[in-house]
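Everything on this sheet refers to the single structure shown next.
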Amino acid sequence: MRPDWNHYFMKITHLVATRSTCLRRNVGAIIVKNNRILATGYNGCPSGLAHCLDIGCLREKMNIPSGERQELCRGIHAEQNAIIQAAANGVAIDESVLYCTHQPCITCTKMIINSGITKVFISNPYPDKLGEEMLIEANIPVEVIELVD
């Protein structure tokens with residue numbers, strides 16, 4: 001059966017997440033405008049640096065709980081990587097939508113707001129209340145899409 005656009009893009013987002021090199025959580029993101037994919041991203045270390053899969057997780061070594069002290073991580077979030085990919089390739093993402101396997105954190109939320117993304121679709125929650133509150137304040141709706149195989 002042919003999936004609707006939202007389920008189609010969310011399934012692709014989950015496929016993108018399989019490229020993640022994070023040991024804690026595999027996250028994927030895609031930016032879409034007019035039903036066309038503009039950019040993709042997954043969480044992992046910056047290009048050319050050793051991956052956590054290879055050298056271990058800094059956050060695990062330091063016993064940092066999920067959702068806290070995000071600056072103490074070698075990785076870049078999937079949403080950040082998608083926004084960076086668009087910028088690096090000269091692709092305007094204003095008036096686009098973001099599909100992400102997880103609810104954006106506060107840092108990604110601020111980038112989403114400033115980049116002109118108008119709506120966010122997620123599959124899973126994330127423990128970041130401030131990020132959720134800022135999306136509401138910015139009038140950026142968040143919709144949950146549940147995937148059923």
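We label chains A, B, ... in the order they appear in the structure tokens, count residues from 1 in each chain, and number ligands from 1 in the order shown.
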Original post:
Which residues, written as JSON, numbers by chain, have at least one atom at most 10 Å from Ile122 (chain A), with only C-alpha atoms counted and residues fewer than 6 positions away on the same chain left out?
Top reply: {"A": [10, 13, 29, 98, 99, 100, 101, 102, 103, 104, 142, 143, 144, 145, 146]}
Give me a file of those residues, with N, CA, C and O atoms, as a PDB file, in the first residue's frame.
```
ATOM      1  N   MET A  10       8.944  10.023   6.992  1.00  0.00           N
ATOM      2  CA  MET A  10       9.396   9.530   8.295  1.00  0.00           C
ATOM      3  C   MET A  10      10.122   8.200   8.147  1.00  0.00           C
ATOM      4  O   MET A  10      11.111   7.953   8.838  1.00  0.00           O
ATOM      5  N   THR A  13      13.511   9.018   7.116  1.00  0.00           N
ATOM      6  CA  THR A  13      14.231   9.571   8.266  1.00  0.00           C
ATOM      7  C   THR A  13      14.804   8.452   9.135  1.00  0.00           C
ATOM      8  O   THR A  13      15.954   8.526   9.583  1.00  0.00           O
ATOM      9  N   ALA A  29      17.413  12.851  10.492  1.00  0.00           N
ATOM     10  CA  ALA A  29      16.597  14.027  10.190  1.00  0.00           C
ATOM     11  C   ALA A  29      16.640  14.289   8.695  1.00  0.00           C
ATOM     12  O   ALA A  29      17.669  14.062   8.050  1.00  0.00           O
ATOM     13  N   LEU A  98      10.759  19.796   8.896  1.00  0.00           N
ATOM     14  CA  LEU A  98      11.782  18.865   9.366  1.00  0.00           C
ATOM     15  C   LEU A  98      11.116  17.587   9.838  1.00  0.00           C
ATOM     16  O   LEU A  98      10.136  17.640  10.597  1.00  0.00           O
ATOM     17  N   TYR A  99      11.629  16.463   9.379  1.00  0.00           N
ATOM     18  CA  TYR A  99      11.229  15.156   9.897  1.00  0.00           C
ATOM     19  C   TYR A  99      12.406  14.650  10.708  1.00  0.00           C
ATOM     20  O   TYR A  99      13.547  14.667  10.234  1.00  0.00           O
ATOM     21  N   CYS A 100      12.146  14.208  11.929  1.00  0.00           N
ATOM     22  CA  CYS A 100      13.226  13.730  12.793  1.00  0.00           C
ATOM     23  C   CYS A 100      12.734  12.527  13.595  1.00  0.00           C
ATOM     24  O   CYS A 100      11.580  12.498  14.036  1.00  0.00           O
ATOM     25  N   THR A 101      13.618  11.581  13.786  1.00  0.00           N
ATOM     26  CA  THR A 101      13.236  10.396  14.545  1.00  0.00           C
ATOM     27  C   THR A 101      12.936  10.734  16.000  1.00  0.00           C
ATOM     28  O   THR A 101      12.197  10.013  16.661  1.00  0.00           O
ATOM     29  N   HIS A 102      13.496  11.833  16.508  1.00  0.00           N
ATOM     30  CA  HIS A 102      13.309  12.226  17.908  1.00  0.00           C
ATOM     31  C   HIS A 102      12.985  13.714  18.008  1.00  0.00           C
ATOM     32  O   HIS A 102      13.374  14.498  17.144  1.00  0.00           O
ATOM     33  N   GLN A 103      12.325  14.078  19.085  1.00  0.00           N
ATOM     34  CA  GLN A 103      12.028  15.486  19.366  1.00  0.00           C
ATOM     35  C   GLN A 103      13.335  16.258  19.490  1.00  0.00           C
ATOM     36  O   GLN A 103      14.269  15.801  20.140  1.00  0.00           O
ATOM     37  N   PRO A 104      13.444  17.421  18.881  1.00  0.00           N
ATOM     38  CA  PRO A 104      14.693  18.196  18.951  1.00  0.00           C
ATOM     39  C   PRO A 104      15.021  18.688  20.371  1.00  0.00           C
ATOM     40  O   PRO A 104      14.128  19.031  21.146  1.00  0.00           O
ATOM     41  N   VAL A 142       4.563  20.778  16.267  1.00  0.00           N
ATOM     42  CA  VAL A 142       5.245  19.486  16.299  1.00  0.00           C
ATOM     43  C   VAL A 142       4.173  18.412  16.223  1.00  0.00           C
ATOM     44  O   VAL A 142       3.217  18.414  17.004  1.00  0.00           O
ATOM     45  N   GLU A 143       4.335  17.527  15.261  1.00  0.00           N
ATOM     46  CA  GLU A 143       3.363  16.447  15.088  1.00  0.00           C
ATOM     47  C   GLU A 143       4.063  15.105  15.210  1.00  0.00           C
ATOM     48  O   GLU A 143       5.158  14.918  14.644  1.00  0.00           O
ATOM     49  N   VAL A 144       3.464  14.197  15.954  1.00  0.00           N
ATOM     50  CA  VAL A 144       4.019  12.868  16.137  1.00  0.00           C
ATOM     51  C   VAL A 144       3.488  11.943  15.037  1.00  0.00           C
ATOM     52  O   VAL A 144       2.287  11.912  14.782  1.00  0.00           O
ATOM     53  N   ILE A 145       4.401  11.245  14.386  1.00  0.00           N
ATOM     54  CA  ILE A 145       4.043  10.256  13.371  1.00  0.00           C
ATOM     55  C   ILE A 145       4.512   8.914  13.861  1.00  0.00           C
ATOM     56  O   ILE A 145       5.703   8.677  14.047  1.00  0.00           O
ATOM     57  N   GLU A 146       3.563   8.033  14.100  1.00  0.00           N
ATOM     58  CA  GLU A 146       3.888   6.682  14.541  1.00  0.00           C
ATOM     59  C   GLU A 146       4.014   5.788  13.316  1.00  0.00           C
ATOM     60  O   GLU A 146       3.130   5.774  12.455  1.00  0.00           O
TER      61      GLU A 146
END
```
**OP:** Identify, on the basis of only C-alpha atoms, every residue whose closest approach to Asp128 (chain A) does not exceed 10 Å; exclude the query and any residue fewer than 2 positions from it along the same chain; express the result as an MDAnalysis selection string.
**Re:** chainID A and resid 66:68 103:107 125:126 130:133
**OP:** Taking the DSSP assignment computed from this structure's backbone, write out as number ranges by chain all residues of region 28-122 of chain A that belong to strand (DSSP E or B).
**Re:** A: 28-33, 36-42, 44, 76, 97-102, 119-122
Original post:
Neighbours of Asn114 (chain A) within 10 Å (only C-alpha atoms; same-chain residues fewer than 5 positions away dropped), as number ranges by chain?
Top reply: A: 94, 108-109, 138
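Proximity to Ile30 (chain A) at 10 Å, evaluated using only C-alpha atoms and with sequence-adjacent residues fewer than 4 positions away removed, yields Phe9, Met10, Ile12, Thr13, His14, Val16, Ala17, Ile37, Leu38, Ala39, Thr40, Gly41, Tyr42, Ala78, Glu79, Asn81, Ala82, Ile83, Val97, Leu98, Tyr99, Cys100, Thr101 and Phe121 of chain A.
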**OP:** Could you please determine the separation between CA of Trp5 (chain A) and CA of Ser96 (chain A) in Å, to one decimal place?
**Re:**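 Result for CA of Trp5 (chain A) versus CA of Ser96 (chain A): 14.1 Å, one decimal.
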Subject >> DSSP alpha helix (DSSP H) residues within chain A, as number ranges by chain >> reply: A: 5-17, 52-55, 58-61, 78-88, 106-115, 129-137
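Of the listed residues (A:Arg69, A:His7, A:Arg2, A:Arg36), A:His7 comes nearest to Ser123 (chain A); the distances count only C-alpha atoms.
You can rank A:Cys52, A:Ile93, A:Leu135, A:Ala88 by their closest distance to Asn34 (chain A) using only C-alpha atoms, and at the top of that list sits A:Ile93.
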